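*Asks:* Below are the structure tokens for one structure; questions will follow.
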2 protein chains.
Amino acid sequence: MPYSEQIHQKAVELGKDVIRMTTAAGSGHPSSGLSIIHLVTVLMHDVMRFAPDDPWHPGNDRLVLSEGHAVPAVYAAYADLGGLVGKRRDGAKPLTKADLATLREADSVLDGHPNPAEGFPFFDAATGSLGQGLSVAAGLALAAKLDRIDKQIYCLIGDGESREGQIWEAMDMIAERKLTNVVAIFNCNGQGQADYVSAQQSADSLAAKCKAFGWQVAVIDGHDPQAIKSAVTTGLPRSAPLAIVARTQKGWGCPSLADKSNHGKPVAANKLDAALAELDATAAKLAAASAGRFECAPGKPPSSTRVEARTIAPIKFEAAMEAAGVMDAVRKNAIATRRAYGAALAALGDADQRIVSLDGDVSNSTFADIFAKRHADRFVECKIAEQNMVSAAAGMAAAGYIPFVSSFAKFLSRAYDQIEMAQISRANIKLAGSHAGISLAADGPSQMSLHDVAYFRCATQTDNGQGRPACVVFHPSDAVSAFHCTWLMANHVGMCYLRTHRPDVPLLYAPETHFELGGSHVLIEGNALTIVSSGYMVHVCKQAVETLAAAGTKCTLIDAYSFPLNASPVLAAARKTGGHILCVEDNYLGGLAGALAEAAANSDGDGVRVHAMTVTRIPKSAKSTEDILAKAGLSARDISDRARSIIAG
Amino acid sequence: MPYSEQIHQKAVELGKDVIRMTTAAGSGHPSSGLSIIHLVTVLMHDVMRFAPDDPWHPGNDRLVLSEGHAVPAVYAAYADLGGLVGKRRDGAKPLTKADLATLREADSVLDGHPNPAEGFPFFDAATGSLGQGLSVAAGLALAAKLDRIDKQIYCLIGDGESREGQIWEAMDMIAERKLTNVVAIFNCNGQGQADYVSAQQSADSLAAKCKAFGWQVAVIDGHDPQAIKSAVTTGLPRSAPLAIVARTQKGWGCPSLADKSNHGKPVAANKLDAALAELDATAAKLAAASAGRFECAPGKPPSSTRVEARTIAPIKFEAAMEAAGVMDAVRKNAIATRRAYGAALAALGDADQRIVSLDGDVSNSTFADIFAKRHADRFVECKIAEQNMVSAAAGMAAAGYIPFVSSFAKFLSRAYDQIEMAQISRANIKLAGSHAGISLAADGPSQMSLHDVAYFRCATQTDNGQGRPACVVFHPSDAVSAFHCTWLMANHVGMCYLRTHRPDVPLLYAPETHFELGGSHVLIEGNALTIVSSGYMVHVCKQAVETLAAAGTKCTLIDAYSFPLNASPVLAAARKTGGHILCVEDNYLGGLAGALAEAAANSDGDGVRVHAMTVTRIPKSAKSTEDILAKAGLSARDISDRARSIIAG
């Protein structure tokens, strides 16, 4: 049977599966699935080199479905190929046609949108919040380059979706880094959800944009099998990444689904037979209903190996600082946590080839430049495009790397959606946000991260379904703790967030101090009140505690440097000091004081009272950290005053 | 004196101010300021029509400085013009040259980055987190179009900054909506912070991109006064928006600042004279040091009026529902909160011309389409580009409109950085996030908002410096409360976040029930335990309470629909029912239970215990809301079981 007829026949068969499974689910996007059905069929049943019986094979070509709502098409193709599904290799089973009817069920591996972590390892990352897939593809391509694996990364993008700016951040990165193994396929069916797609996202407009971004471009009929195959296979190896602008029809093959009112609507059960009959009629028209044999099959992936996960042996603080050239600062007892992070990161890079570092044009502020100088091949300058940076890191993590993403904590907030998607992907990425809180002072609120502690904390008390938190947080107060927290991040499997600060601070810990996830340290023991803080504010609290001690009032000072916090020792300390905690933070409410209040207000809290001192007004610039703390009511003096008033009762 | 010499002379004078003020501040970005010094001088001292003595004049041309770190150049120009500064018109004073030395001080109106709310009304929005300014400009242009004011909106964008995808979202919107009064000026100095700007952001590349996005483009020397003036003033009125790609030099006029190592570094005090002398030498070279008179001045703004703020009179629930065609659903007692929101929004649109609605291609899900059908002229379809949507809304708010921004709550998380910047701007925008929480079920976690309650709550307990919260939150449980909360949002001055849900639910409230910011309602009174919830989960709790009541256990049920929550009545209710609260949420921890725990753990809490039932595992798809609640341990049965166990003690 000629190639086109084979593909048309298979596309019709899979299209029927798409319609059946969404009808069975009672929700989903059959018309979107049909618009990519030829693209998916040509890729998965012919062009891609991958092993359906080993979706974890590092040599597999990858498909990133950025427009995640069209996923039933991929499920149908994968079931047809008998691809393995399951949360782990152990016990994985081939997906069957019958399984397709479980789409969106609570125990199905077939989630409503791509979701590898729930048992669909063909995908590398969760998608469905639009515009993120091409960045994931960029990350996979970066990893393949490092691994020297010759594989192609295909990414399917909706035309409406390509309005998302992140797509163009990824286009820039892929062109700049000459990731010529990436193929971006724009699915131009012209229909959005609420309306038609804008002329700004027409096939012609997208083609012009892709060219302006430095890509080579092919505009094709996305339902012409031969055109698709030619576009993706001609002219290899490429001199520039390839964008395919594919004109398609939403609800292809099924005229009753072609109108835009059908977006996201399954066919009603009583109209199912009619819809399937429409696809049969389409097949007949294309002469694709003949009995010839389907002979296409995905190619074999190249043999390739990937470094297995292992624990990184502990590294020495002094050695790391020495190698980074920052021992002078250590000896002078004035070194910012962000700088110790940079030194630790570089040392981790020495210890393990899986460590990679991404930064967004601020590496001389985050001190990721220490890593960059020592491991230029594993440093990815992502320029000023944080969303792409985070999703690309998720892509690299899917390929087995341990990406550390450094930026100002404030600028990471631009990528919270991407961070949430990485949580859903269970991506093993490490976020390092510097210049957090108000201690930044002079640059003002546009550069200060103030919501981040409340934001990230909420995920630390959420299980990822693998017995670990959706995210863990480290908030070190000095160079030693920043160093150890960075090492803990590298060895923790799952997302981590490190919060560092701008100012130089003295050391609080001996180099060999033990740190652990959820841990805290008693820095000073007293009897009058327990003061709890983390990060930069530990130093301000220490001043306050010393002032109080000089006047005869001895307070306990605890550095609670990690979430999910083990609150028990903190509450126990509070019970020994009159049952009150004063919690001091350089961010908005809902962070550390929130965690302690939640623990204290629970039955086990034993009546401990939690008093919060946080940033309670939108800040502005001030020339120095001292000035801004005074303005915010968070100076050492403010803290000691508040402590006295609590103690006085 | 010839035009160019005048401008060069003024640019040198202002450049000196830039250097002096950053040296005085001890931080800042003099070299960036110098790279835009001619662009700023031509605009502010000549081309722009605006009244320095009335920065609030609605007819003023606007300048949005997207690359906010270059702000000293604007401060210098504004001081030279004697522009008014101050938080309000009352007591505003002309900025003087001497004031420039207060840059970045705690009480100065001259923040480290543009910050109108702290007393610099020349700007419309805080900038400094990069890539957001052009969207603000788009919003200002949309407002000017509605107001039929003929004014120009200029936006200065850094070359490195133009890597941010949001810039291209704004480029799309401005081209699509033919906002030909927007002039985007790309400042191409070729230097980033950590490295040179990528070739992807070269002047040539940017020019090609702008063309592909449908703009007319002029590439000029950004230090040539005549070229700047010609580019912005020729060919008016334009048929397409204008992008000016200006080649500039970082540290212009001051060779010792030209190297990229100078990014973000002020001149040391002991090198100040030398730097100023370099600028004098540059002036001499340009023959711009002659004694001729500077004759340029900004033009006068066109006379124009703007609707003054006023309270919108209460509207009737039934009338609003009737007009929206949703009374059938009300009568059937099955209407989603998002639908009632859409109906309320449309009614508000009837009541006040300042109400505008923005949506990102999901208006048929958020029900903003009810507004769109009735007020097409005030509906802005922003397509799938949430960051641009939020910043554009901030721009419209700066012009006096009351923008309601509707999308899935999950997709708004993509714009959290923009939302934070809008908080700093004190932008009067209303965010309405639909399909929040796990009740969405089938679509899976990529479409569910789970972090949002903790995230937004942290800002509700932060003062905006005007005696109001940085943000307030409404989380209605039924159509009546959604309706009233929408009205409250319109009348509250400041950012609001409304959280609605997908499922249809019965009514819980009589139409005339009173709702207020921070309020809560006791829905059922009991004696055994107080159960507190909000949004969709109120209905599930109600089922649980009814089951318990049928078995003789009477619980109090409170709907706590707003943050910052007035916790006192809730704690008081708890004290009457044994001192325990069971708090039930469909999101991650840190929201309602966090607020109650913080209140309870405070001294005033009087020992009330707070037990939280929240989403404790990253969710996945399930076919129905019932299925997913059961999977998450949040079914009515789970709630009644937990209540029994708490009561049993």
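Please note that chains go A, B, ... in the order of the structure tokens, that every chain numbers its residues from 1, and that ligands are numbered from 1 in the order shown.
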Identify, on the basis of only C-alpha atoms, every residue whose closest approach to segment 337-354 of chain B does not exceed 9 Å; exclude the query and any residue fewer than 4 positions from it along the same chain; express the result as a PyMOL selection string.
*Replies:* chain B and resi 307+309+312-313+315+317+319-326+365-375+378+400-404+432-435+476-487+490+499-505+535-536
*Asks:* Show me, as a ChimeraX atom specification, the residues that have an atom within 9 Å of Leu440 of chain B when counting only C-alpha atoms, minus same-chain residues fewer than 4 positions from it.
*Replies:* /B:435-436,444-445,447-448,501-503,621-622,624-625,628
*Asks:* Give me the residues near Glu176 of chain B as a ChimeraX atom specification, where near means some atom within 12 Å (using only C-alpha atoms) and where sequence neighbours in that chain fewer than 2 positions away do not count.
*Replies:* /A:163,197-202,205 /B:138,142,168-174,178-180,213-215,240-241,380-383
*Asks:* Could you save the residues just selected, with N, CA and C atoms, as a short mmCIF file (atom, residue, chain, number, x, y, z; two decimals), in the first residue's frame?
*Replies:*
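File written: out_27.cif
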```cif
data_model
loop_
_atom_site.label_atom_id
_atom_site.label_comp_id
_atom_site.auth_asym_id
_atom_site.auth_seq_id
_atom_site.Cartn_x
_atom_site.Cartn_y
_atom_site.Cartn_z
N ARG A 163 0.94 32.17 20.88
CA ARG A 163 0.88 33.54 21.39
C ARG A 163 1.65 33.69 22.70
N VAL A 197 -8.24 31.76 15.89
CA VAL A 197 -6.89 32.18 16.23
C VAL A 197 -6.61 33.52 15.52
N SER A 198 -5.88 34.38 16.18
CA SER A 198 -5.56 35.71 15.64
C SER A 198 -4.73 35.61 14.36
N ALA A 199 -4.88 36.61 13.51
CA ALA A 199 -4.03 36.69 12.31
C ALA A 199 -2.55 36.77 12.69
N GLN A 200 -2.27 37.22 13.91
CA GLN A 200 -0.86 37.25 14.36
C GLN A 200 -0.29 35.84 14.49
N GLN A 201 -1.19 34.85 14.60
CA GLN A 201 -0.74 33.45 14.70
C GLN A 201 -1.18 32.64 13.48
N SER A 202 -1.42 33.31 12.37
CA SER A 202 -1.72 32.58 11.14
C SER A 202 -0.48 31.81 10.70
N SER A 205 2.04 34.20 9.26
CA SER A 205 2.68 35.03 10.28
C SER A 205 3.68 34.19 11.09
N ALA B 138 0.65 48.98 26.13
CA ALA B 138 -0.52 48.50 25.39
C ALA B 138 -1.80 48.84 26.14
N LEU B 142 -4.83 51.17 24.90
CA LEU B 142 -6.22 50.72 24.86
C LEU B 142 -7.12 51.73 25.56
N TRP B 168 7.03 39.96 23.33
CA TRP B 168 6.47 39.54 22.04
C TRP B 168 4.98 39.30 22.15
N GLU B 169 4.52 38.99 23.34
CA GLU B 169 3.07 38.96 23.55
C GLU B 169 2.49 40.36 23.34
N ALA B 170 3.18 41.34 23.90
CA ALA B 170 2.72 42.72 23.74
C ALA B 170 2.81 43.17 22.29
N MET B 171 3.89 42.78 21.61
CA MET B 171 4.04 43.14 20.18
C MET B 171 2.85 42.61 19.39
N ASP B 172 2.45 41.37 19.69
CA ASP B 172 1.29 40.77 19.01
C ASP B 172 0.02 41.57 19.30
N MET B 173 -0.20 41.86 20.58
CA MET B 173 -1.44 42.55 20.93
C MET B 173 -1.52 43.92 20.29
N ILE B 174 -0.43 44.65 20.32
CA ILE B 174 -0.43 46.02 19.80
C ILE B 174 -0.65 46.02 18.29
N LYS B 178 -4.08 47.21 16.35
CA LYS B 178 -3.75 48.43 15.62
C LYS B 178 -3.60 49.64 16.56
N LEU B 179 -2.88 49.44 17.62
CA LEU B 179 -2.63 50.53 18.56
C LEU B 179 -1.45 51.34 18.03
N THR B 180 -1.75 52.13 17.00
CA THR B 180 -0.69 52.80 16.26
C THR B 180 -0.12 54.01 16.99
N PHE B 213 6.40 40.63 13.19
CA PHE B 213 5.25 40.80 14.09
C PHE B 213 4.28 41.87 13.59
N GLY B 214 4.56 42.43 12.42
CA GLY B 214 3.60 43.35 11.81
C GLY B 214 3.80 44.81 12.15
N TRP B 215 4.97 45.17 12.64
CA TRP B 215 5.25 46.57 12.99
C TRP B 215 6.02 47.26 11.86
N ALA B 240 0.69 51.40 11.10
CA ALA B 240 1.05 50.27 11.97
C ALA B 240 1.83 50.84 13.15
N PRO B 241 1.86 50.15 14.26
CA PRO B 241 2.66 50.66 15.37
C PRO B 241 4.14 50.72 14.96
N VAL B 380 -11.60 43.08 25.97
CA VAL B 380 -10.32 42.92 25.31
C VAL B 380 -9.94 41.44 25.28
N GLU B 381 -10.04 40.84 24.11
CA GLU B 381 -9.62 39.45 23.95
C GLU B 381 -8.10 39.45 23.85
N CYS B 382 -7.45 38.96 24.90
CA CYS B 382 -5.98 39.04 24.95
C CYS B 382 -5.31 37.80 24.38
N LYS B 383 -6.11 36.83 23.95
CA LYS B 383 -5.55 35.58 23.45
C LYS B 383 -4.70 34.89 24.53
#
```
*Asks:* Need the shell around Ser603 of chain A: protein/DNA/RNA residues with any atom at most 8 Å away, counting only C-alpha atoms. Skip same-chain ones fewer than 3 positions apart. Format as a PyMOL selection string?
*Replies:* (chain A and resi 600+606) or (chain B and resi 609-611)
*Asks:* Could you turn the residues from that selection into a file that holds N, CA and C atoms, as a PDB file, in the first residue's frame?
*Replies:*
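Printed below is again_14.pdb as written:
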```
ATOM      1  N   ALA A 600       1.493  24.768  65.952  1.00  0.00           N
ATOM      2  CA  ALA A 600       1.112  25.111  67.324  1.00  0.00           C
ATOM      3  C   ALA A 600      -0.394  25.039  67.528  1.00  0.00           C
ATOM      4  N   ASP A 606       0.280  22.022  72.020  1.00  0.00           N
ATOM      5  CA  ASP A 606       0.396  22.204  73.452  1.00  0.00           C
ATOM      6  C   ASP A 606       0.324  23.676  73.853  1.00  0.00           C
TER       7      ASP A 606
ATOM      8  N   ARG B 609      -7.953  25.233  68.698  1.00  0.00           N
ATOM      9  CA  ARG B 609      -7.156  24.309  67.893  1.00  0.00           C
ATOM     10  C   ARG B 609      -7.657  24.296  66.459  1.00  0.00           C
ATOM     11  N   VAL B 610      -6.736  24.271  65.517  1.00  0.00           N
ATOM     12  CA  VAL B 610      -7.122  24.273  64.111  1.00  0.00           C
ATOM     13  C   VAL B 610      -6.626  22.991  63.433  1.00  0.00           C
ATOM     14  N   HIS B 611      -7.566  22.240  62.875  1.00  0.00           N
ATOM     15  CA  HIS B 611      -7.241  20.998  62.155  1.00  0.00           C
ATOM     16  C   HIS B 611      -7.498  21.226  60.678  1.00  0.00           C
TER      17      HIS B 611
END
```
*Asks:* For atom CA of Ala277 of chain A and atom CA of Pro114 of chain A, quote the distance in Å rounded to one decimal.
*Replies:*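 Separating atom CA of Ala277 of chain A from atom CA of Pro114 of chain A is a distance of 28.5 Å.
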*Asks:* Which one is closest to chain B: A:Asn262, A:Thr305, A:Thr460, A:Ser256? Count only C-alpha atoms.
*Replies:*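 The shortest atom-to-atom distance to chain B comes from A:Thr460.
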*Asks:* Between atom CA of Lys145 of chain B and atom CA of Pro116 of chain B, what is the distance in Å, rounded to a tenth?
*Replies:* 22.7 Å
